[in-house]
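So this one's upload_22.pdb, PDB, C-alpha atoms:
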```
ATOM      1  CA  MET H  13     121.583 -38.902  15.379
ATOM      2  CA  GLN H  14     124.014 -40.846  17.565
ATOM      3  CA  SER H  15     127.571 -39.495  17.798
ATOM      4  CA  HIS H  16     130.722 -41.590  18.065
ATOM      5  CA  TRP H  17     134.491 -41.229  17.891
ATOM      6  CA  ARG H  18     136.566 -42.326  14.928
ATOM      7  CA  ARG H  19     140.203 -41.825  14.043
ATOM      8  CA  ALA H  20     140.869 -38.357  12.627
ATOM      9  CA  LYS H  21     141.911 -38.078   8.996
ATOM     10  CA  PRO H  22     143.888 -35.256   7.370
ATOM     11  CA  SER H  23     140.661 -34.183   5.663
ATOM     12  CA  ASP H  24     139.182 -33.491   9.132
ATOM     13  CA  LEU H  25     141.699 -30.716   9.803
ATOM     14  CA  PRO H  26     139.443 -27.819   8.646
ATOM     15  CA  ALA H  27     136.682 -28.984  11.007
ATOM     16  CA  ILE H  28     139.211 -29.429  13.833
ATOM     17  CA  ILE H  29     140.521 -25.897  13.277
ATOM     18  CA  ALA H  30     136.975 -24.488  13.245
ATOM     19  CA  ILE H  31     136.158 -26.206  16.558
ATOM     20  CA  ALA H  32     139.486 -25.173  18.096
ATOM     21  CA  THR H  33     138.854 -21.564  17.079
ATOM     22  CA  ALA H  34     135.368 -21.649  18.609
ATOM     23  CA  ILE H  35     136.340 -23.427  21.841
ATOM     24  CA  HIS H  36     139.813 -21.925  22.400
ATOM     25  CA  PRO H  37     139.687 -18.344  21.056
ATOM     26  CA  ASP H  38     142.393 -17.248  23.513
ATOM     27  CA  LEU H  39     144.699 -20.208  22.755
ATOM     28  CA  PRO H  40     145.079 -20.224  18.974
ATOM     29  CA  GLU H  41     147.197 -22.848  17.269
ATOM     30  CA  ARG H  42     148.278 -22.919  13.652
ATOM     31  CA  ALA H  43     146.785 -25.578  11.390
ATOM     32  CA  ASP H  44     150.231 -26.916  10.463
ATOM     33  CA  VAL H  45     151.102 -27.401  14.159
ATOM     34  CA  LEU H  46     147.975 -29.499  14.700
ATOM     35  CA  ALA H  47     148.570 -31.345  11.418
ATOM     36  CA  GLU H  48     152.061 -32.270  12.615
ATOM     37  CA  LYS H  49     150.696 -33.746  15.848
ATOM     38  CA  MET H  50     148.153 -35.738  13.844
ATOM     39  CA  SER H  51     150.830 -37.053  11.484
ATOM     40  CA  LEU H  52     153.248 -37.990  14.285
ATOM     41  CA  PHE H  53     150.708 -40.145  16.137
ATOM     42  CA  SER H  54     147.458 -40.588  14.259
ATOM     43  CA  GLU H  55     146.404 -43.357  16.661
ATOM     44  CA  GLY H  56     145.794 -40.745  19.364
ATOM     45  CA  CYS H  57     143.758 -38.372  17.210
ATOM     46  CA  GLY H  58     140.011 -38.718  16.942
ATOM     47  CA  VAL H  59     136.947 -36.803  15.876
ATOM     48  CA  LEU H  60     133.465 -36.939  17.342
ATOM     49  CA  ILE H  61     131.029 -37.367  14.478
ATOM     50  CA  ALA H  62     127.318 -37.663  13.896
ATOM     51  CA  GLY H  63     126.574 -38.538  10.314
ATOM     52  CA  ASP H  64     129.157 -36.666   8.259
ATOM     53  CA  ASP H  65     129.527 -33.753  10.676
ATOM     54  CA  VAL H  66     132.392 -33.277  13.134
ATOM     55  CA  PHE H  67     131.374 -31.957  16.560
ATOM     56  CA  GLY H  68     134.556 -32.523  18.528
ATOM     57  CA  TYR H  69     138.129 -33.714  18.393
ATOM     58  CA  GLY H  70     140.873 -35.109  20.564
ATOM     59  CA  ILE H  71     144.614 -35.058  19.979
ATOM     60  CA  ALA H  72     147.065 -37.103  22.053
ATOM     61  CA  HIS H  73     150.623 -38.329  21.532
ATOM     62  CA  PRO H  74     153.389 -40.131  23.413
ATOM     63  CA  TRP H  75     155.512 -37.779  25.475
ATOM     64  CA  THR H  76     157.712 -37.447  28.565
ATOM     65  CA  LEU H  77     156.225 -36.818  31.997
ATOM     66  CA  HIS H  78     156.787 -33.350  33.468
ATOM     67  CA  ARG H  79     157.870 -31.921  30.085
ATOM     68  CA  ILE H  80     155.033 -29.672  28.990
ATOM     69  CA  PRO H  81     154.961 -29.262  25.213
ATOM     70  CA  PRO H  82     154.901 -25.621  24.157
ATOM     71  CA  LEU H  83     151.568 -24.377  22.859
ATOM     72  CA  ASP H  84     151.396 -23.670  19.112
ATOM     73  CA  ASP H  85     154.847 -25.062  18.406
ATOM     74  CA  PHE H  86     156.094 -28.080  16.495
ATOM     75  CA  LEU H  87     157.111 -31.243  18.317
ATOM     76  CA  GLN H  88     159.413 -32.270  15.430
ATOM     77  CA  ARG H  89     159.548 -35.849  16.708
ATOM     78  CA  LEU H  90     158.218 -38.001  19.492
ATOM     79  CA  PRO H  91     160.500 -39.142  22.328
ATOM     80  CA  LEU H  92     162.267 -42.470  21.864
ATOM     81  CA  ALA H  93     161.232 -43.681  25.320
ATOM     82  CA  PRO H  94     157.903 -41.990  26.175
ATOM     83  CA  ASP H  95     156.484 -42.548  29.629
ATOM     84  CA  CYS H  96     153.113 -40.845  29.164
ATOM     85  CA  LEU H  97     150.421 -40.277  26.607
ATOM     86  CA  TYR H  98     150.003 -36.512  26.490
ATOM     87  CA  VAL H  99     146.437 -35.332  25.908
ATOM     88  CA  HIS H 100     147.038 -32.204  23.861
ATOM     89  CA  ASP H 101     143.377 -31.308  23.545
ATOM     90  CA  VAL H 102     139.855 -32.602  23.806
ATOM     91  CA  ALA H 103     137.283 -30.130  22.492
ATOM     92  CA  VAL H 104     133.585 -30.779  21.976
ATOM     93  CA  MET H 105     131.071 -28.233  20.750
ATOM     94  CA  PRO H 106     128.654 -27.250  23.550
ATOM     95  CA  ALA H 107     125.574 -28.706  21.844
ATOM     96  CA  SER H 108     127.283 -32.134  21.660
ATOM     97  CA  ARG H 109     128.527 -32.329  25.249
ATOM     98  CA  GLY H 110     127.102 -34.841  27.656
ATOM     99  CA  SER H 111     126.353 -38.518  27.157
ATOM    100  CA  ARG H 112     129.915 -39.295  28.218
ATOM    101  CA  VAL H 113     131.457 -38.228  24.890
ATOM    102  CA  ALA H 114     134.679 -36.947  26.470
ATOM    103  CA  THR H 115     134.766 -39.935  28.806
ATOM    104  CA  SER H 116     134.605 -42.343  25.886
ATOM    105  CA  TYR H 117     137.593 -40.602  24.248
ATOM    106  CA  ILE H 118     139.549 -40.770  27.529
ATOM    107  CA  GLU H 119     138.723 -44.476  27.814
ATOM    108  CA  MET H 120     140.068 -44.947  24.274
ATOM    109  CA  LEU H 121     143.289 -43.198  25.330
ATOM    110  CA  VAL H 122     143.666 -45.442  28.377
ATOM    111  CA  ARG H 123     143.437 -48.519  26.125
ATOM    112  CA  LEU H 124     145.865 -46.960  23.634
ATOM    113  CA  ALA H 125     148.386 -46.102  26.371
ATOM    114  CA  ARG H 126     148.258 -49.607  27.791
ATOM    115  CA  ALA H 127     148.636 -51.155  24.321
ATOM    116  CA  ASN H 128     151.817 -49.079  23.924
ATOM    117  CA  GLY H 129     153.212 -49.958  27.362
ATOM    118  CA  ILE H 130     152.571 -46.450  28.719
ATOM    119  CA  GLU H 131     151.498 -46.142  32.357
ATOM    120  CA  HIS H 132     150.463 -42.465  32.589
ATOM    121  CA  LEU H 133     148.292 -39.876  30.889
ATOM    122  CA  ALA H 134     149.261 -36.203  31.190
ATOM    123  CA  LEU H 135     147.683 -32.913  30.112
ATOM    124  CA  VAL H 136     147.414 -29.217  30.753
ATOM    125  CA  SER H 137     143.996 -28.237  32.043
ATOM    126  CA  VAL H 138     142.810 -24.843  30.791
ATOM    127  CA  TYR H 139     139.742 -22.683  31.465
ATOM    128  CA  ASP H 140     139.320 -24.030  35.012
ATOM    129  CA  THR H 141     138.575 -27.562  33.790
ATOM    130  CA  SER H 142     140.734 -29.282  36.422
ATOM    131  CA  PRO H 143     137.610 -30.491  38.338
ATOM    132  CA  PHE H 144     136.427 -32.248  35.154
ATOM    133  CA  TRP H 145     139.801 -33.922  34.710
ATOM    134  CA  ALA H 146     139.972 -34.822  38.412
ATOM    135  CA  ARG H 147     136.693 -36.735  38.006
ATOM    136  CA  HIS H 148     138.540 -38.762  35.353
ATOM    137  CA  GLY H 149     141.398 -39.702  37.660
ATOM    138  CA  PHE H 150     143.851 -36.857  36.959
ATOM    139  CA  ARG H 151     145.638 -34.999  39.753
ATOM    140  CA  VAL H 152     147.286 -31.564  39.673
ATOM    141  CA  ILE H 153     151.078 -31.607  39.808
ATOM    142  CA  ALA H 154     152.884 -28.658  41.384
ATOM    143  CA  PRO H 155     154.999 -27.072  38.643
ATOM    144  CA  ASP H 156     158.720 -26.475  38.857
ATOM    145  CA  ALA H 157     160.213 -23.222  37.497
ATOM    146  CA  ALA H 158     160.536 -24.493  33.906
ATOM    147  CA  SER H 159     156.984 -25.851  33.941
ATOM    148  CA  ARG H 160     155.594 -22.553  35.248
ATOM    149  CA  ILE H 161     157.047 -20.777  32.214
ATOM    150  CA  LYS H 162     155.465 -23.252  29.792
ATOM    151  CA  LEU H 163     152.152 -23.239  31.663
ATOM    152  CA  ALA H 164     151.969 -19.462  31.290
ATOM    153  CA  SER H 165     151.548 -19.872  27.517
ATOM    154  CA  TYR H 166     148.378 -21.901  28.193
ATOM    155  CA  GLY H 167     146.680 -19.002  29.975
ATOM    156  CA  GLU H 168     145.889 -18.038  33.522
ATOM    157  CA  GLY H 169     144.824 -20.928  35.697
ATOM    158  CA  ALA H 170     146.458 -23.618  33.540
ATOM    159  CA  ARG H 171     147.313 -26.734  35.548
ATOM    160  CA  TYR H 172     149.569 -29.667  34.677
ATOM    161  CA  MET H 173     147.795 -32.921  35.537
ATOM    162  CA  ILE H 174     148.707 -36.608  35.496
ATOM    163  CA  ARG H 175     146.659 -39.787  35.654
ATOM    164  CA  ASP H 176     148.455 -42.977  36.687
ATOM    165  CA  LEU H 177     147.146 -46.080  34.961
ATOM    166  CA  ASP H 178     146.992 -48.825  37.528
ATOM    167  CA  GLN H 179     145.144 -52.099  37.131
ATOM    168  CA  ARG H 180     141.763 -50.316  37.139
ATOM    169  CA  GLY H 181     142.471 -47.382  34.930
TER
END
```
Here is the file; what I need is its structure written in the form of structure tokens.
Amino acid sequence: MQSHWRRAKPSDLPAIIAIATAIHPDLPERADVLAEKMSLFSEGCGVLIAGDDVFGYGIAHPWTLHRIPPLDDFLQRLPLAPDCLYVHDVAVMPASRGSRVATSYIEMLVRLARANGIEHLALVSVYDTSPFWARHGFRVIAPDAASRIKLASYGEGARYMIRDLDQRG
């Protein structure tokens, strides 16, 4: 069965939590924290589905460059003048990886950022995934002292990365 991305709904939260728990056992986040992100910017939240089953999710929201959101904490509100679309998480179950599923979500985010006048994507790479993100146009940014403290909550080897959206992407 062919998989595709659709906008996440509140009813998808249990599946999102189950995938997050399986993929990120060392980086747990409370359901209400993820629900808040989904409610603040539903346009950036998607699920990878095949039939009625959810095999992956992505959560992104407008944010401010070089300000790393704390892990497992509430945002409370989005910035009034965001300059990036922050990719909080993209997680796909191992059996559903491949066939450009993550790439198609990233491409959706590029279109969403441009539609909102945003010229950058930003994220924190965990579990040594920075080479994957680099293949998608992201570059590692050297952290300042405040960023190093926030990055520590994302685990060893976490890297802050930015992708500039020029005319091509």
Residues selected by the PyMOL selection byres ((chain H and resi 121) around 12), written as number ranges by chain: H: 17, 19, 55-58, 70-74, 96-100, 102, 114-120, 122-128, 130-134, 148, 175, 177, 181
Give me, as a tab-separated table, the closest atom pair and its distance (Å, one decimal) for every residue of range 130-181 of chain H within a cut-off of 10 Å of range 33-50 of chain H, counting only C-alpha atoms, rows sorted by chain and rising number.
```
residue	atom	partner	partner_atom	distance
H:Val138	CA	H:His36	CA	9.4
H:Tyr139	CA	H:His36	CA	9.1
H:Ser165	CA	H:Leu39	CA	8.3
H:Tyr166	CA	H:Leu39	CA	6.8
H:Gly167	CA	H:Leu39	CA	7.6
```
Pick from H:Ala158, H:Ile174, H:Ser54, H:Val104, whichever lies nearest to Lys21 in chain H using all atoms listed in the file: H:Ser54
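Our summary of the geometry notes that CA of Leu135 in chain H is positioned 12.0 Å from CA of Asp176 in chain H.
The interatomic distance for the pair CA of Ile29 in chain H and CA of Leu87 in chain H works out to 18.1 Å.
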H:Leu92, H:Ile153, H:Ile31, H:Leu163 ranked by distance to Pro106 in chain H, top pick (using only C-alpha atoms):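 Once distances to Pro106 in chain H are computed over only C-alpha atoms, the minimum belongs to H:Ile31.
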Pairwise distance for CA of Glu168 in chain H and CA of Asp140 in chain H, rounded to one decimal in Å: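 We find that CA of Glu168 in chain H and CA of Asp140 in chain H lie 9.0 Å from each other.
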Which of H:Tyr69, H:Gly63, H:Arg79, H:Pro22 sits closest to Pro91 in chain H [using only C-alpha atoms]: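 Looking only at the distances to Pro91 in chain H, the closest residue turns out to be H:Arg79.
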Result set of the PyMOL selection byres ((chain H and resi 162) around 12) on the coordinates above, as a PyMOL selection string: chain H and resi 78-85+136+155-161+163-168+170-172
Nearest candidate to Val152 in chain H (options H:Pro26, H:Gly68, H:Gly129, H:Gly169; using only C-alpha atoms):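 For Val152 in chain H, the nearest of the candidates is H:Gly169.
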